[in-house]
Structure formats: structure tokens, C-alpha cells
$ cat model-v4.tsv   # TSV, C-alpha atoms and all ligand atoms
chain	number	residue	atom	x	y	z
A	1	MET	CA	150.78	23.36	0.44
A	2	LEU	CA	153.25	24.49	-2.17
A	3	ASN	CA	153.83	20.92	-3.22
A	4	LYS	CA	150.12	20.49	-3.59
A	5	VAL	CA	149.87	23.56	-5.77
A	6	LEU	CA	152.76	22.45	-7.91
A	7	LEU	CA	151.25	19.01	-8.24
A	8	LEU	CA	148.04	20.57	-9.45
A	9	CYS	CA	150.00	22.69	-11.86
A	10	SER	CA	151.88	19.66	-13.06
A	11	ILE	CA	148.67	17.95	-13.88
A	12	PHE	CA	146.84	20.78	-15.50
A	13	VAL	CA	148.92	23.70	-16.62
A	14	LEU	CA	150.06	22.30	-19.92
A	15	GLY	CA	148.27	19.04	-20.16
A	16	GLY	CA	144.86	20.55	-20.73
A	17	CYS	CA	142.04	20.16	-18.35
A	18	ALA	CA	140.08	17.18	-17.23
A	19	VAL	CA	136.53	17.31	-18.41
A	20	GLN	CA	134.02	17.07	-15.60
A	21	ASP	CA	130.40	17.97	-15.37
A	22	GLU	CA	129.67	19.62	-12.08
A	23	PRO	CA	126.91	21.99	-11.11
A	24	MET	CA	128.22	25.49	-11.26
A	25	PRO	CA	126.92	28.72	-9.80
A	26	GLN	CA	126.21	31.21	-12.56
A	27	ILE	CA	128.08	34.44	-12.16
A	28	THR	CA	126.48	37.58	-13.51
A	29	TYR	CA	129.17	39.92	-14.66
A	30	ASP	CA	128.96	43.61	-13.93
A	31	THR	CA	128.66	45.50	-17.19
A	32	ASP	CA	128.89	49.00	-15.75
A	33	TYR	CA	132.17	48.95	-13.92
A	34	TYR	CA	134.33	49.95	-16.88
A	35	LYS	CA	131.85	51.83	-19.04
A	36	SER	CA	133.62	55.06	-18.19
A	37	SER	CA	137.08	53.67	-18.77
A	38	GLU	CA	137.17	53.52	-22.57
A	39	THR	CA	140.34	55.52	-22.62
A	40	VAL	CA	142.88	54.33	-20.13
A	41	LYS	CA	145.46	56.98	-19.51
A	42	PRO	CA	148.82	55.24	-19.80
A	43	ARG	CA	151.62	55.94	-17.43
A	44	LEU	CA	154.66	56.62	-19.51
A	45	SER	CA	157.26	55.99	-16.87
A	46	THR	CA	159.17	52.74	-16.76
A	47	PRO	CA	156.95	50.22	-15.02
A	48	ALA	CA	157.86	48.73	-11.73
A	49	PRO	CA	158.43	45.00	-12.04
A	50	GLY	CA	156.27	42.35	-10.56
A	51	ARG	CA	153.05	42.62	-8.70
A	52	ALA	CA	152.57	46.35	-8.63
A	53	VAL	CA	149.06	46.36	-9.97
A	54	SER	CA	145.71	46.09	-8.31
A	55	GLY	CA	142.23	47.47	-8.79
A	56	GLY	CA	141.20	51.09	-8.98
A	57	GLU	CA	143.53	53.89	-9.93
A	58	GLY	CA	146.61	51.74	-9.91
A	59	LEU	CA	145.23	49.27	-12.40
A	60	THR	CA	147.26	50.47	-15.35
A	61	GLN	CA	150.56	50.64	-13.53
A	62	GLY	CA	153.13	48.66	-15.48
A	63	TRP	CA	150.86	48.11	-18.46
A	64	VAL	CA	152.80	50.53	-20.63
A	65	PRO	CA	156.08	48.86	-21.51
A	66	PRO	CA	159.37	50.76	-21.67
A	67	SER	CA	159.36	52.79	-24.89
A	68	SER	CA	162.85	51.60	-25.79
A	69	VAL	CA	161.63	48.05	-26.30
A	70	GLU	CA	157.93	48.44	-27.07
A	71	LYS	CA	156.71	46.23	-29.91
A	72	LYS	CA	153.71	46.40	-32.20
A	73	TRP	CA	151.22	43.77	-30.97
A	74	THR	CA	148.47	42.64	-33.31
A	75	ALA	CA	146.28	40.25	-31.32
A	76	ILE	CA	145.33	39.12	-27.83
A	77	VAL	CA	145.05	35.51	-26.65
A	78	ILE	CA	143.14	34.63	-23.49
A	79	HIS	CA	144.05	31.59	-21.37
A	80	HIS	CA	143.02	29.97	-18.15
A	81	SER	CA	145.59	28.36	-15.92
A	82	GLY	CA	143.62	25.13	-15.68
A	83	THR	CA	144.38	25.18	-11.97
A	84	LYS	CA	142.36	26.17	-8.96
A	85	ASN	CA	145.15	28.33	-7.57
A	86	GLY	CA	148.17	30.17	-8.80
A	87	ASP	CA	149.88	33.40	-9.61
A	88	SER	CA	152.64	34.66	-11.84
A	89	ALA	CA	155.42	33.41	-9.55
A	90	ILE	CA	153.99	29.89	-9.33
A	91	PHE	CA	153.57	29.61	-13.10
A	92	ASP	CA	157.01	31.10	-13.59
A	93	LYS	CA	158.56	28.43	-11.40
A	94	TRP	CA	156.62	25.71	-13.17
A	95	HIS	CA	157.51	26.88	-16.66
A	96	ARG	CA	161.19	27.17	-15.72
A	97	GLU	CA	161.50	23.83	-14.02
A	98	ASN	CA	159.27	21.68	-16.17
A	99	ASN	CA	159.30	23.30	-19.59
A	100	HIS	CA	162.82	24.67	-19.32
A	101	TRP	CA	161.57	28.02	-20.49
A	102	GLN	CA	163.14	31.27	-19.41
A	103	GLY	CA	160.11	31.90	-17.25
A	104	VAL	CA	156.36	32.25	-17.22
A	105	GLY	CA	154.99	32.07	-20.74
A	106	TYR	CA	152.32	34.77	-20.40
A	107	ASP	CA	152.50	38.54	-20.52
A	108	PHE	CA	149.84	39.11	-17.87
A	109	VAL	CA	148.32	36.95	-15.11
A	110	VAL	CA	144.93	37.90	-13.63
A	111	GLY	CA	144.51	36.51	-10.12
A	112	ASN	CA	141.45	34.88	-8.57
A	113	GLY	CA	142.19	35.60	-4.92
A	114	SER	CA	144.12	32.40	-4.30
A	115	ASN	CA	147.79	33.29	-4.53
A	116	SER	CA	147.33	36.83	-5.77
A	117	GLY	CA	144.46	39.26	-5.38
A	118	ASN	CA	141.05	38.67	-6.89
A	119	GLY	CA	141.23	40.61	-10.15
A	120	GLU	CA	144.84	41.59	-9.54
A	121	VAL	CA	146.76	41.98	-12.79
A	122	GLU	CA	150.36	40.84	-12.61
A	123	VAL	CA	152.73	42.04	-15.31
A	124	THR	CA	155.37	39.47	-16.18
A	125	TYR	CA	158.92	39.89	-17.40
A	126	ARG	CA	157.78	38.95	-20.93
A	127	TRP	CA	155.71	42.09	-21.13
A	128	GLN	CA	158.30	44.26	-19.40
A	129	LYS	CA	160.94	43.10	-21.89
A	130	GLN	CA	158.48	42.78	-24.81
A	131	VAL	CA	159.87	39.37	-25.70
A	132	THR	CA	158.17	36.53	-27.55
A	133	GLY	CA	155.72	34.67	-25.37
A	134	ALA	CA	155.32	30.96	-24.76
A	135	HIS	CA	151.58	30.46	-24.55
A	136	VAL	CA	150.24	29.32	-27.91
A	137	GLY	CA	152.01	26.35	-29.44
A	138	GLY	CA	152.26	25.58	-33.11
A	139	THR	CA	150.89	28.61	-34.92
A	140	PRO	CA	152.40	29.20	-38.38
A	141	GLY	CA	155.72	30.99	-37.99
A	142	ASN	CA	154.98	31.07	-34.27
A	143	TRP	CA	152.98	34.20	-35.03
A	144	ALA	CA	150.81	34.09	-31.92
A	145	ASN	CA	153.71	33.91	-29.49
A	146	LYS	CA	155.51	36.65	-31.39
A	147	ASP	CA	152.66	39.05	-32.06
A	148	ALA	CA	149.83	38.28	-29.64
A	149	VAL	CA	149.65	39.39	-26.03
A	150	GLY	CA	149.11	36.39	-23.75
A	151	ILE	CA	146.78	36.90	-20.80
A	152	CYS	CA	146.18	34.09	-18.30
A	153	LEU	CA	143.31	34.08	-15.82
A	154	VAL	CA	143.93	31.89	-12.80
A	155	GLY	CA	141.28	29.20	-12.56
A	156	ASP	CA	139.95	26.09	-14.24
A	157	PHE	CA	137.04	27.30	-16.31
A	158	ASN	CA	135.93	23.85	-17.24
A	159	LYS	CA	134.89	23.54	-13.60
A	160	THR	CA	134.20	27.13	-12.53
A	161	GLN	CA	133.86	30.57	-14.07
A	162	PRO	CA	136.16	33.55	-13.80
A	163	THR	CA	135.26	35.84	-10.92
A	164	ASN	CA	133.53	39.11	-11.57
A	165	ALA	CA	136.68	40.94	-10.47
A	166	GLN	CA	138.77	38.92	-12.92
A	167	MET	CA	136.47	39.79	-15.80
A	168	GLN	CA	136.38	43.46	-14.87
A	169	SER	CA	140.16	43.59	-14.86
A	170	LEU	CA	140.34	41.57	-18.07
A	171	VAL	CA	137.99	43.90	-19.92
A	172	LYS	CA	139.96	46.90	-18.74
A	173	LEU	CA	143.25	45.32	-19.79
A	174	VAL	CA	141.96	44.20	-23.19
A	175	ARG	CA	140.53	47.64	-23.87
A	176	PHE	CA	143.80	49.23	-22.86
A	177	LEU	CA	145.70	46.97	-25.29
A	178	GLN	CA	143.15	47.55	-28.05
A	179	ASN	CA	143.52	51.29	-27.64
A	180	ARG	CA	147.27	51.27	-27.54
A	181	TYR	CA	147.90	48.86	-30.43
A	182	GLY	CA	144.79	49.26	-32.55
A	183	ILE	CA	143.70	45.66	-32.03
A	184	PRO	CA	140.15	44.98	-33.25
A	185	ARG	CA	137.71	42.78	-31.35
A	186	SER	CA	138.02	40.19	-34.11
A	187	ARG	CA	141.63	39.61	-33.05
A	188	VAL	CA	140.84	38.88	-29.41
A	189	TYR	CA	140.96	35.09	-29.23
A	190	GLY	CA	140.52	32.30	-26.76
A	191	HIS	CA	143.58	30.03	-26.93
A	192	LYS	CA	141.68	27.20	-28.61
A	193	ASP	CA	140.33	29.53	-31.30
A	194	THR	CA	143.63	31.18	-32.16
A	195	PRO	CA	144.13	30.89	-35.93
A	196	GLY	CA	146.57	28.12	-36.76
A	197	VAL	CA	146.82	26.84	-33.20
A	198	GLY	CA	148.81	23.65	-33.36
A	199	THR	CA	147.82	21.91	-30.17
A	200	VAL	CA	144.53	20.43	-29.05
A	201	THR	CA	143.28	22.38	-26.08
A	202	ASP	CA	140.04	23.51	-24.50
A	203	CYS	CA	141.71	26.60	-23.02
A	204	PRO	CA	140.37	29.01	-21.73
A	205	GLY	CA	137.78	26.46	-20.63
A	206	ARG	CA	134.27	25.83	-21.78
A	207	ASN	CA	132.72	28.13	-19.16
A	208	PHE	CA	134.81	31.10	-20.15
A	209	PRO	CA	132.35	33.88	-21.16
A	210	MET	CA	133.92	34.78	-24.50
A	211	THR	CA	130.69	36.10	-26.01
A	212	TRP	CA	130.23	38.38	-23.03
A	213	LEU	CA	133.86	39.50	-23.20
A	214	LYS	CA	133.47	40.39	-26.88
A	215	SER	CA	130.42	42.44	-26.02
A	216	GLN	CA	132.38	44.52	-23.53
A	217	VAL	CA	135.58	45.27	-25.42
A	218	LEU	CA	136.14	47.80	-28.18
A	219	PRO	CA	134.88	47.01	-31.73
B	1	ZN	ZN	145.92	28.41	-23.00
$ encode --input "model-v4.tsv" --output "C-alpha cells"
Amino acid sequence: MLNKVLLLCSIFVLGGCAVQDEPMPQITYDTDYYKSSETVKPRLSTPAPGRAVSGGEGLTQGWVPPSSVEKKWTAIVIHHSGTKNGDSAIFDKWHRENNHWQGVGYDFVVGNGSNSGNGEVEVTYRWQKQVTGAHVGGTPGNWANKDAVGICLVGDFNKTQPTNAQMQSLVKLVRFLQNRYGIPRSRVYGHKDTPGVGTVTDCPGRNFPMTWLKSQVLP
């Protein structure tokens, strides 16, 4: 099973996604879930590492980085994994072994119920240490990896859509980051639309509901 997952990752994670036209159930996203959560109260204690975050009250656990290392972030870049399954640990292993990176390239991974919970937000070491990401290749001066928060949703959104739970968690996370760093909606990007992006990609997939996302986040 693990080999199968890794094989899938090896095909899709960095190589972009195969384009297929398949009938797809339309998901209607819940627009009320986070209406009352405009202000997310941060927890100021040092976050616990790893998968400490799930829905409900615990959702913001680990989102506030240690104050001693906290950076000023200026943008947010949304990705899909391009895989059916996955979680932070699987992408971490892949990025170490195949890209020879220090670890998973993203700051946050939002699960789809395959290898982590549906809508579960995993905080990676990049966010905990506030180090430069490895998720958007080729931007001028590497600005996007340095200054933009990288969020990956597990799934291949050329073939499917994010789950409702994933989008609810994503909206909550994006709003939290917007609040904390003063990031306007205009600087919330899909990977492929990141200014100066140097690689050809369809990430976060052509079914990713970016227009809907923009309608739900802060101005
Ligand atoms: Zn991407």
C-alpha cells in the first residue's frame, strides 16, 4: 500500500497532473460554517509539532508560530498534492528522498480523509521554524518561497474537487493568516497564478474553486 502511494506521489507530486476528463460530482460548499470565525483567537504558546490540529476548537492549535522566529508573511499560495492520497508525512518522505530537500515543502497540509483526517490541518516543520518553503519554483528572487505561506490540499483537483471539510478548514486557515499578517485577498494565489511563477503547472487543479475561496476570505 505504501509503495502504491509513493508510486502515485512519484508520478504526480512534482510532475504536474495528467489531464483527464471524467464526470465529477459537484460539491456545494457550506458558506455558513465560518461566518462567525472572522477573528481567530491565536494561541500564543509554542505549538506542538506535527498533527495536533483537527476541526472545531482545536483548529488553530499550532497555527501561531513561536514568537522568537515568527516572520512577516506577505502572500498565500494554494496547492493540491496531485495525488489521491497523502498527508504531511508522506510528502515529507517524498520530498526528502526524491528532491533531496530538508523535508516537506509546504507550511500546511489539509487532509482529505485518506492518510489524515478530512479537513485536518497539519502544521509542518517549515511553519514551526518559519523557514523558506519549497513549493513555488522560479519566482523572481525566490520571493514566493521566502514570503508566501504554502498550503497544500491533498487531492488531485483535475479529477475531483476538494471536500467540503477541506474548504472549510482552508477558509479558516487563510482568514487566520490574513488577520495575523495583513494579507489582502489579492495576494491569495493558486500556484499557477503566483506572480513570476517559473514552472508550468496546473496546480491547484482546474476544479479548484478559487472564485468561491476568494468570496469567503477577508477583503
Ligand atoms: Zn503547487
$ atom_distance --input "model-v4.tsv" --atom1 "CA of Leu213 in chain A" --atom2 "CA of Val171 in chain A"
6.9 Å
$ closest_residue --input "model-v4.tsv" --among "A:Lys71, A:Asn164, A:Val154, A:His191" --to "Asp30 in chain A" --atoms "only C-alpha atoms"
A:Asn164
$ atom_distance --input "model-v4.tsv" --atom1 "CA of Ser67 in chain A" --atom2 "CA of Lys129 in chain A"
10.3 Å
$ residues_around --input "model-v4.tsv" --residues "range 136-144 of chain A" --least-positions-apart "6" --cutoff "12 Å" --atoms "only C-alpha atoms" --output "ChimeraX atom specification"
/A:14,73-79,105-106,150-152,187-201,203-204
$ closest_residue --input "model-v4.tsv" --among "A:Gln216, A:Ser81, A:Gln178, A:Gln26" --to "ligand ZN 1 (chain B)" --atoms "all atoms listed in the file"
A:Ser81
$ atom_distance --input "model-v4.tsv" --atom1 "CA of Ile90 in chain A" --atom2 "CA of Glu120 in chain A"
14.9 Å
$ closest_residue --input "model-v4.tsv" --among "A:Leu173, A:Val123, A:Val149, A:Ile183" --to "ligand ZN 1 (chain B)" --atoms "all atoms listed in the file"
A:Val149
$ residues_around --input "model-v4.tsv" --residues "Gln130 in chain A" --least-positions-apart "3" --cutoff "7 Å" --atoms "all atoms listed in the file" --output "ChimeraX atom specification"
/A:69-71,126-127
$ residues_around --input "model-v4.tsv" --residues "Tyr29 in chain A" --least-positions-apart "6" --cutoff "12 Å" --atoms "all atoms listed in the file" --output "JSON, numbers by chain"
{"A": [161, 162, 163, 164, 165, 166, 167, 168, 169, 170, 171, 208, 209, 212, 213, 215, 216]}
$ axis_aligned_box --input "model-v4.tsv" --around "range 104-112 of chain A" --padding-each-side "8 Å" --output "JSON"
{"center_x": 148.9, "center_y": 35.6, "center_z": -14.7, "size_x": 30.9, "size_y": 23.0, "size_z": 28.2}
$ closest_residue --input "model-v4.tsv" --among "A:Lys159, A:His100, A:Lys72, A:Lys172" --to "Ala134 in chain A" --atoms "only C-alpha atoms"
A:His100
$ closest_residue --input "model-v4.tsv" --among "A:Leu153, A:Val104, A:Val64, A:Met210" --to "ligand ZN 1 (chain B)" --atoms "only C-alpha atoms and all ligand atoms"
A:Leu153
$ closest_residue --input "model-v4.tsv" --among "A:His80, A:Arg180, A:Lys214, A:Lys93" --to "ligand ZN 1 (chain B)" --atoms "only C-alpha atoms and all ligand atoms"
A:His80
$ residues_near_point --input "model-v4.tsv" --point "(156.2, 36.0, -29.9)" --cutoff "7 Å" --atoms "only C-alpha atoms" --output "MDAnalysis selection string"
chainID A and resid 131:133 142:148
